[in-house]
Amino acid sequence: MTATLEVRNLQTHFFTRAGVVKAVNDVSFSVNRGQILGLVGESGSGKSVTGFSIIGLVDPPGRIVGGSILYQGRDLAKLSEREMRDLRGNRIAMIFQDPMMTLNPVLRIDTQMIEAVQAHARVSRADARTRSRDALGMVGIPSPEERLEAYPHQFSGGMRQRVAIAIALLHNPDLLIADEPTTALDVTIQAQILAEVQKLAADHGTALVWVTHDLSVIAGLADDIAVMYAGRVVEAGKAATVLDTPAHPYTAGLIGSVPSRNQRGSKLRQIPGMTPSLLSLPPGCAFRTRCSRATSVCEQEPPVGEVTPGRTARCFHPLESVAA
């Protein structure tokens, strides 16, 4: 079966005056129909740039310099802008972290949503309005008929995010990329949105890439997980397996820093040091300067190895509890 999305050795670099920033450096993963992949990591790990690369929204001085992005067998990196416009917002949709990247501040919500519907579907304005109203109701906006006539500034930040999510779901896309979409929402609405995207994946076969730093969200949402650090995937596998028994020391550090995973009254376990600058990464493993398991061999580039069936890690010294 052809995967809905298959990313192979993707490289997205930013060519700045200070040097080349390798924001995405040899990233590979795949998402099948109806599958949810969690793409996690610290800020600056390259997960958001990976999402922008997939949907073709990397602006200069950044550009894709290598690899392929296969959507149902078609390489998105080789499509023209016209061909990408036909797919973007229709078969491939993205929910941005900042809703004002989606919403025009001088147009009413109904104008923006109706245009989004009619851009890809031959329906009447009345039908497009009905679809828009139903989408607002689906994401928990009260009185959706009235709210269609409002402007973005009349919504709170969380409400604007819900509108942006509703726009992304208008066409029941085959592939949905969500970049920290529930950060501004309270936990009740967050749970509602998560339930809706899970239903979308189950009922319509939508493949979902959920970009986040929140491991608690991923634990209850994703089927698979890919952990990114310094522009690379350092561990990938089934979400439950990776979160329960991490193989890469960085993954273990992320999990250990979550308060709910520690005993009451004990100090949080921090990952020492800071994320290295992508302009001057250390040779070999980028995590070795922060890793308690690092040895001289880590000055070489670590290979991607299968530590258990279906789970890979980019590490010379995976945790013994997993590798044994």
# chains A, B, ... in the order shown; residues from 1 in each chain; ligands from 1
call {"tool": "residues_around", "arguments": {"residues": "Pro272 of chain A", "least_positions_apart": "6", "cutoff": "12 Å", "atoms": "only C-alpha atoms", "output": "tab-separated table (two decimals) with N, CA and C atoms, in the first residue's frame"}}
result
chain	number	residue	atom	x	y	z
A	249	PRO	N	18.97	8.62	24.50
A	249	PRO	CA	19.09	9.42	25.73
A	249	PRO	C	18.34	10.74	25.68
A	250	TYR	N	18.23	11.35	24.50
A	250	TYR	CA	17.48	12.61	24.40
A	250	TYR	C	16.00	12.38	24.65
A	253	GLY	N	15.47	12.02	28.22
A	253	GLY	CA	15.56	13.31	28.89
A	253	GLY	C	14.29	14.12	28.76
A	254	LEU	N	13.68	14.10	27.56
A	254	LEU	CA	12.42	14.81	27.37
A	254	LEU	C	11.34	14.26	28.29
A	257	SER	N	11.72	15.10	32.01
A	257	SER	CA	11.49	16.49	32.40
A	257	SER	C	10.01	16.84	32.52
A	287	PHE	N	23.94	15.59	19.97
A	287	PHE	CA	23.51	15.57	21.36
A	287	PHE	C	24.64	15.21	22.33
A	288	ARG	N	25.81	14.87	21.82
A	288	ARG	CA	26.84	14.29	22.67
A	288	ARG	C	27.32	15.26	23.75
A	289	THR	N	27.27	16.58	23.51
A	289	THR	CA	27.74	17.54	24.52
A	289	THR	C	26.79	17.63	25.71
A	290	ARG	N	25.60	17.07	25.58
A	290	ARG	CA	24.61	17.11	26.68
A	290	ARG	C	24.31	15.71	27.21
A	291	CYS	N	24.97	14.71	26.68
A	291	CYS	CA	24.61	13.32	26.96
A	291	CYS	C	25.57	12.68	27.96
A	292	SER	N	25.02	12.05	28.99
A	292	SER	CA	25.84	11.39	30.01
A	292	SER	C	26.44	10.08	29.51
call {"tool": "residues_around", "arguments": {"residues": "Asp75 of chain A", "least_positions_apart": "4", "cutoff": "10 Å", "atoms": "only C-alpha atoms", "output": "list in words"}}
result
Leu5, Glu6, Val7, Ile54, Gly67, Ser68, Ile69, Leu70, Tyr71 and Leu79 of chain A
call {"tool": "write_last_selection", "arguments": {"atoms": "N, CA and C atoms", "output": "PDB file, in the first residue's frame"}}
result
ATOM      1  N   LEU A   5       1.902   9.884   2.879  1.00  0.00           N
ATOM      2  CA  LEU A   5       3.070  10.770   2.881  1.00  0.00           C
ATOM      3  C   LEU A   5       4.312   9.960   3.204  1.00  0.00           C
ATOM      4  N   GLU A   6       5.332  10.118   2.373  1.00  0.00           N
ATOM      5  CA  GLU A   6       6.624   9.490   2.644  1.00  0.00           C
ATOM      6  C   GLU A   6       7.724  10.517   2.432  1.00  0.00           C
ATOM      7  N   VAL A   7       8.380  10.880   3.504  1.00  0.00           N
ATOM      8  CA  VAL A   7       9.486  11.846   3.463  1.00  0.00           C
ATOM      9  C   VAL A   7      10.787  11.055   3.469  1.00  0.00           C
ATOM     10  N   ILE A  54       6.980  20.314   3.760  1.00  0.00           N
ATOM     11  CA  ILE A  54       6.028  19.388   3.152  1.00  0.00           C
ATOM     12  C   ILE A  54       4.981  20.143   2.340  1.00  0.00           C
ATOM     13  N   GLY A  67      16.523  15.380  -0.961  1.00  0.00           N
ATOM     14  CA  GLY A  67      15.481  14.472  -0.511  1.00  0.00           C
ATOM     15  C   GLY A  67      14.213  14.592  -1.326  1.00  0.00           C
ATOM     16  N   SER A  68      13.190  13.856  -0.913  1.00  0.00           N
ATOM     17  CA  SER A  68      11.911  13.862  -1.613  1.00  0.00           C
ATOM     18  C   SER A  68      10.766  13.855  -0.608  1.00  0.00           C
ATOM     19  N   ILE A  69       9.617  14.391  -1.044  1.00  0.00           N
ATOM     20  CA  ILE A  69       8.403  14.441  -0.231  1.00  0.00           C
ATOM     21  C   ILE A  69       7.299  13.832  -1.077  1.00  0.00           C
ATOM     22  N   LEU A  70       7.014  12.562  -0.864  1.00  0.00           N
ATOM     23  CA  LEU A  70       6.074  11.842  -1.714  1.00  0.00           C
ATOM     24  C   LEU A  70       4.675  11.857  -1.098  1.00  0.00           C
ATOM     25  N   TYR A  71       3.738  12.507  -1.780  1.00  0.00           N
ATOM     26  CA  TYR A  71       2.330  12.491  -1.393  1.00  0.00           C
ATOM     27  C   TYR A  71       1.589  11.579  -2.357  1.00  0.00           C
ATOM     28  N   LEU A  79       6.835  19.732  -7.754  1.00  0.00           N
ATOM     29  CA  LEU A  79       5.632  20.303  -8.356  1.00  0.00           C
ATOM     30  C   LEU A  79       5.779  21.808  -8.532  1.00  0.00           C
TER      31      LEU A  79
END
call {"tool": "select_by_dssp", "arguments": {"residues": "segment 7-48 of chain A", "states": "strand (DSSP E or B)", "output": "list in words"}}
result
Val7, Arg8, Asn9, Leu10, Gln11, Thr12, His13, Phe14, Phe15, Thr16, Gly19, Val20, Val21, Lys22, Ala23, Val24, Asn25, Asp26, Val27, Ser28, Phe29, Ser30, Val31, Ile36, Leu37, Gly38, Leu39 and Val40 of chain A
call {"tool": "residues_around", "arguments": {"residues": "segment 18-29 of chain A", "least_positions_apart": "3", "cutoff": "7 Å", "atoms": "only C-alpha atoms", "output": "PyMOL selection string"}}
result
chain A and resi 6-15+46+49-50+231-233+278-279
call {"tool": "residues_around", "arguments": {"residues": "Pro259 of chain A", "least_positions_apart": "5", "cutoff": "12 Å", "atoms": "only C-alpha atoms", "output": "ChimeraX atom specification"}}
result
/A:214-216,254,264-270
call {"tool": "select_by_dssp", "arguments": {"residues": "segment 161-315 of chain A", "states": "helix (DSSP H, G or I)", "output": "VMD selection string"}}
result
chain A and resid 161 to 168 187 to 204 215 to 221 239 to 244 249 to 256 259 to 261 288 to 290 296 to 299
call {"tool": "atom_distance", "arguments": {"atom1": "atom CA of Val40 of chain A", "atom2": "atom CA of Ala207 of chain A"}}
result
16.7 Å
call {"tool": "residues_around", "arguments": {"residues": "Ala128 of chain A", "least_positions_apart": "4", "cutoff": "12 Å", "atoms": "only C-alpha atoms", "output": "PyMOL selection string"}}
result
chain A and resi 110-124+132-135+148+167+170-171
call {"tool": "closest_residue", "arguments": {"among": "A:Val163, A:Ala286, A:Met228, A:Ile177", "to": "Arg91 of chain A", "atoms": "only C-alpha atoms"}}
result
A:Ile177
call {"tool": "closest_residue", "arguments": {"among": "A:Leu169, A:Val197, A:Met138, A:Leu37", "to": "Asn90 of chain A", "atoms": "only C-alpha atoms"}}
result
A:Leu169
call {"tool": "closest_residue", "arguments": {"among": "A:Pro309, A:Gly140, A:Phe155, A:Thr4", "to": "Leu76 of chain A", "atoms": "only C-alpha atoms"}}
result
A:Thr4
call {"tool": "closest_residue", "arguments": {"among": "A:Cys298, A:Asp186, A:Arg108, A:Pro173", "to": "Ala150 of chain A", "atoms": "only C-alpha atoms"}}
result
A:Arg108
call {"tool": "closest_residue", "arguments": {"among": "A:Pro144, A:Asp174, A:Ala313, A:Ala77", "to": "Asp203 of chain A", "atoms": "only C-alpha atoms"}}
result
A:Asp174
call {"tool": "residues_around", "arguments": {"residues": "Met100 of chain A", "least_positions_apart": "4", "cutoff": "10 Å", "atoms": "only C-alpha atoms", "output": "number ranges by chain"}}
result
A: 96, 104-105, 152-153, 157, 160-161, 164
call {"tool": "residues_around", "arguments": {"residues": "Leu221 of chain A", "least_positions_apart": "6", "cutoff": "10 Å", "atoms": "only C-alpha atoms", "output": "ChimeraX atom specification"}}
result
/A:36-38,194-195,197-198,210,215,239
call {"tool": "atom_distance", "arguments": {"atom1": "atom CA of Gly237 of chain A", "atom2": "atom CA of Gly310 of chain A"}}
result
6.0 Å
call {"tool": "decode", "arguments": {"residues": "segment 16-53 of chain A", "atoms": "N, CA and C atoms", "output": "PDB file, in the first residue's frame"}}
result
ATOM      1  N   THR A  16      22.094  32.015   5.184  1.00  0.00           N
ATOM      2  CA  THR A  16      22.163  33.330   5.814  1.00  0.00           C
ATOM      3  C   THR A  16      23.564  33.922   5.666  1.00  0.00           C
ATOM      4  N   ARG A  17      23.694  35.185   6.043  1.00  0.00           N
ATOM      5  CA  ARG A  17      25.011  35.830   5.985  1.00  0.00           C
ATOM      6  C   ARG A  17      25.985  35.192   6.960  1.00  0.00           C
ATOM      7  N   ALA A  18      25.441  34.665   8.077  1.00  0.00           N
ATOM      8  CA  ALA A  18      26.302  34.046   9.083  1.00  0.00           C
ATOM      9  C   ALA A  18      26.733  32.643   8.690  1.00  0.00           C
ATOM     10  N   GLY A  19      26.040  32.046   7.725  1.00  0.00           N
ATOM     11  CA  GLY A  19      26.361  30.696   7.301  1.00  0.00           C
ATOM     12  C   GLY A  19      25.118  29.909   6.940  1.00  0.00           C
ATOM     13  N   VAL A  20      25.287  28.624   6.709  1.00  0.00           N
ATOM     14  CA  VAL A  20      24.177  27.760   6.311  1.00  0.00           C
ATOM     15  C   VAL A  20      23.568  27.105   7.554  1.00  0.00           C
ATOM     16  N   VAL A  21      22.275  27.333   7.749  1.00  0.00           N
ATOM     17  CA  VAL A  21      21.548  26.722   8.863  1.00  0.00           C
ATOM     18  C   VAL A  21      20.850  25.471   8.338  1.00  0.00           C
ATOM     19  N   LYS A  22      21.294  24.319   8.806  1.00  0.00           N
ATOM     20  CA  LYS A  22      20.707  23.049   8.366  1.00  0.00           C
ATOM     21  C   LYS A  22      19.522  22.724   9.269  1.00  0.00           C
ATOM     22  N   ALA A  23      18.394  23.418   9.014  1.00  0.00           N
ATOM     23  CA  ALA A  23      17.224  23.294   9.884  1.00  0.00           C
ATOM     24  C   ALA A  23      16.616  21.903   9.839  1.00  0.00           C
ATOM     25  N   VAL A  24      16.614  21.299   8.649  1.00  0.00           N
ATOM     26  CA  VAL A  24      16.155  19.913   8.477  1.00  0.00           C
ATOM     27  C   VAL A  24      17.267  19.195   7.735  1.00  0.00           C
ATOM     28  N   ASN A  25      17.796  18.151   8.367  1.00  0.00           N
ATOM     29  CA  ASN A  25      19.015  17.543   7.843  1.00  0.00           C
ATOM     30  C   ASN A  25      18.863  16.020   7.785  1.00  0.00           C
ATOM     31  N   ASP A  26      18.437  15.518   6.636  1.00  0.00           N
ATOM     32  CA  ASP A  26      18.316  14.069   6.415  1.00  0.00           C
ATOM     33  C   ASP A  26      17.202  13.452   7.252  1.00  0.00           C
ATOM     34  N   VAL A  27      15.996  14.012   7.121  1.00  0.00           N
ATOM     35  CA  VAL A  27      14.834  13.532   7.874  1.00  0.00           C
ATOM     36  C   VAL A  27      14.004  12.588   7.004  1.00  0.00           C
ATOM     37  N   SER A  28      13.630  11.446   7.573  1.00  0.00           N
ATOM     38  CA  SER A  28      12.803  10.465   6.861  1.00  0.00           C
ATOM     39  C   SER A  28      11.714   9.932   7.792  1.00  0.00           C
ATOM     40  N   PHE A  29      10.505   9.812   7.264  1.00  0.00           N
ATOM     41  CA  PHE A  29       9.402   9.155   7.974  1.00  0.00           C
ATOM     42  C   PHE A  29       8.269   8.958   6.983  1.00  0.00           C
ATOM     43  N   SER A  30       7.277   8.163   7.352  1.00  0.00           N
ATOM     44  CA  SER A  30       6.115   7.960   6.493  1.00  0.00           C
ATOM     45  C   SER A  30       4.855   7.929   7.344  1.00  0.00           C
ATOM     46  N   VAL A  31       3.728   8.300   6.711  1.00  0.00           N
ATOM     47  CA  VAL A  31       2.425   8.304   7.378  1.00  0.00           C
ATOM     48  C   VAL A  31       1.425   7.658   6.427  1.00  0.00           C
ATOM     49  N   ASN A  32       0.768   6.625   6.891  1.00  0.00           N
ATOM     50  CA  ASN A  32      -0.223   5.936   6.077  1.00  0.00           C
ATOM     51  C   ASN A  32      -1.612   6.529   6.260  1.00  0.00           C
ATOM     52  N   ARG A  33      -2.518   6.111   5.427  1.00  0.00           N
ATOM     53  CA  ARG A  33      -3.908   6.551   5.497  1.00  0.00           C
ATOM     54  C   ARG A  33      -4.493   6.244   6.883  1.00  0.00           C
ATOM     55  N   GLY A  34      -5.095   7.258   7.511  1.00  0.00           N
ATOM     56  CA  GLY A  34      -5.719   7.098   8.813  1.00  0.00           C
ATOM     57  C   GLY A  34      -4.752   7.044   9.978  1.00  0.00           C
ATOM     58  N   GLN A  35      -3.469   7.272   9.731  1.00  0.00           N
ATOM     59  CA  GLN A  35      -2.444   7.182  10.776  1.00  0.00           C
ATOM     60  C   GLN A  35      -2.115   8.579  11.310  1.00  0.00           C
ATOM     61  N   ILE A  36      -1.768   8.647  12.595  1.00  0.00           N
ATOM     62  CA  ILE A  36      -1.369   9.909  13.217  1.00  0.00           C
ATOM     63  C   ILE A  36       0.073   9.782  13.685  1.00  0.00           C
ATOM     64  N   LEU A  37       0.926  10.665  13.165  1.00  0.00           N
ATOM     65  CA  LEU A  37       2.343  10.686  13.535  1.00  0.00           C
ATOM     66  C   LEU A  37       2.608  11.922  14.389  1.00  0.00           C
ATOM     67  N   GLY A  38       3.221  11.715  15.537  1.00  0.00           N
ATOM     68  CA  GLY A  38       3.642  12.828  16.374  1.00  0.00           C
ATOM     69  C   GLY A  38       5.087  13.185  16.088  1.00  0.00           C
ATOM     70  N   LEU A  39       5.324  14.447  15.732  1.00  0.00           N
ATOM     71  CA  LEU A  39       6.679  14.939  15.462  1.00  0.00           C
ATOM     72  C   LEU A  39       7.046  15.851  16.624  1.00  0.00           C
ATOM     73  N   VAL A  40       7.937  15.400  17.490  1.00  0.00           N
ATOM     74  CA  VAL A  40       8.183  16.102  18.749  1.00  0.00           C
ATOM     75  C   VAL A  40       9.651  16.504  18.883  1.00  0.00           C
ATOM     76  N   GLY A  41       9.878  17.476  19.774  1.00  0.00           N
ATOM     77  CA  GLY A  41      11.222  17.950  20.044  1.00  0.00           C
ATOM     78  C   GLY A  41      11.181  19.340  20.644  1.00  0.00           C
ATOM     79  N   GLU A  42      12.344  19.800  21.112  1.00  0.00           N
ATOM     80  CA  GLU A  42      12.448  21.147  21.666  1.00  0.00           C
ATOM     81  C   GLU A  42      12.275  22.198  20.570  1.00  0.00           C
ATOM     82  N   SER A  43      12.077  23.450  20.993  1.00  0.00           N
ATOM     83  CA  SER A  43      12.062  24.554  20.042  1.00  0.00           C
ATOM     84  C   SER A  43      13.409  24.603  19.321  1.00  0.00           C
ATOM     85  N   GLY A  44      13.348  24.783  18.008  1.00  0.00           N
ATOM     86  CA  GLY A  44      14.577  24.822  17.223  1.00  0.00           C
ATOM     87  C   GLY A  44      15.055  23.473  16.749  1.00  0.00           C
ATOM     88  N   SER A  45      14.268  22.414  16.983  1.00  0.00           N
ATOM     89  CA  SER A  45      14.697  21.083  16.556  1.00  0.00           C
ATOM     90  C   SER A  45      14.453  20.834  15.073  1.00  0.00           C
ATOM     91  N   GLY A  46      13.643  21.683  14.422  1.00  0.00           N
ATOM     92  CA  GLY A  46      13.392  21.539  12.986  1.00  0.00           C
ATOM     93  C   GLY A  46      12.037  20.954  12.651  1.00  0.00           C
ATOM     94  N   LYS A  47      11.215  20.703  13.649  1.00  0.00           N
ATOM     95  CA  LYS A  47       9.930  20.040  13.386  1.00  0.00           C
ATOM     96  C   LYS A  47       8.962  20.936  12.612  1.00  0.00           C
ATOM     97  N   SER A  48       8.896  22.220  12.946  1.00  0.00           N
ATOM     98  CA  SER A  48       7.993  23.119  12.215  1.00  0.00           C
ATOM     99  C   SER A  48       8.468  23.341  10.783  1.00  0.00           C
ATOM    100  N   VAL A  49       9.786  23.476  10.603  1.00  0.00           N
ATOM    101  CA  VAL A  49      10.334  23.661   9.251  1.00  0.00           C
ATOM    102  C   VAL A  49      10.054  22.424   8.403  1.00  0.00           C
ATOM    103  N   THR A  50      10.047  21.259   9.028  1.00  0.00           N
ATOM    104  CA  THR A  50       9.689  20.033   8.307  1.00  0.00           C
ATOM    105  C   THR A  50       8.265  20.140   7.775  1.00  0.00           C
ATOM    106  N   GLY A  51       7.337  20.616   8.614  1.00  0.00           N
ATOM    107  CA  GLY A  51       5.952  20.802   8.177  1.00  0.00           C
ATOM    108  C   GLY A  51       5.831  21.804   7.058  1.00  0.00           C
ATOM    109  N   PHE A  52       6.519  22.940   7.180  1.00  0.00           N
ATOM    110  CA  PHE A  52       6.477  23.952   6.126  1.00  0.00           C
ATOM    111  C   PHE A  52       7.083  23.424   4.827  1.00  0.00           C
ATOM    112  N   SER A  53       8.096  22.585   4.935  1.00  0.00           N
ATOM    113  CA  SER A  53       8.715  22.012   3.741  1.00  0.00           C
ATOM    114  C   SER A  53       7.735  21.112   3.007  1.00  0.00           C
TER     115      SER A  53
END
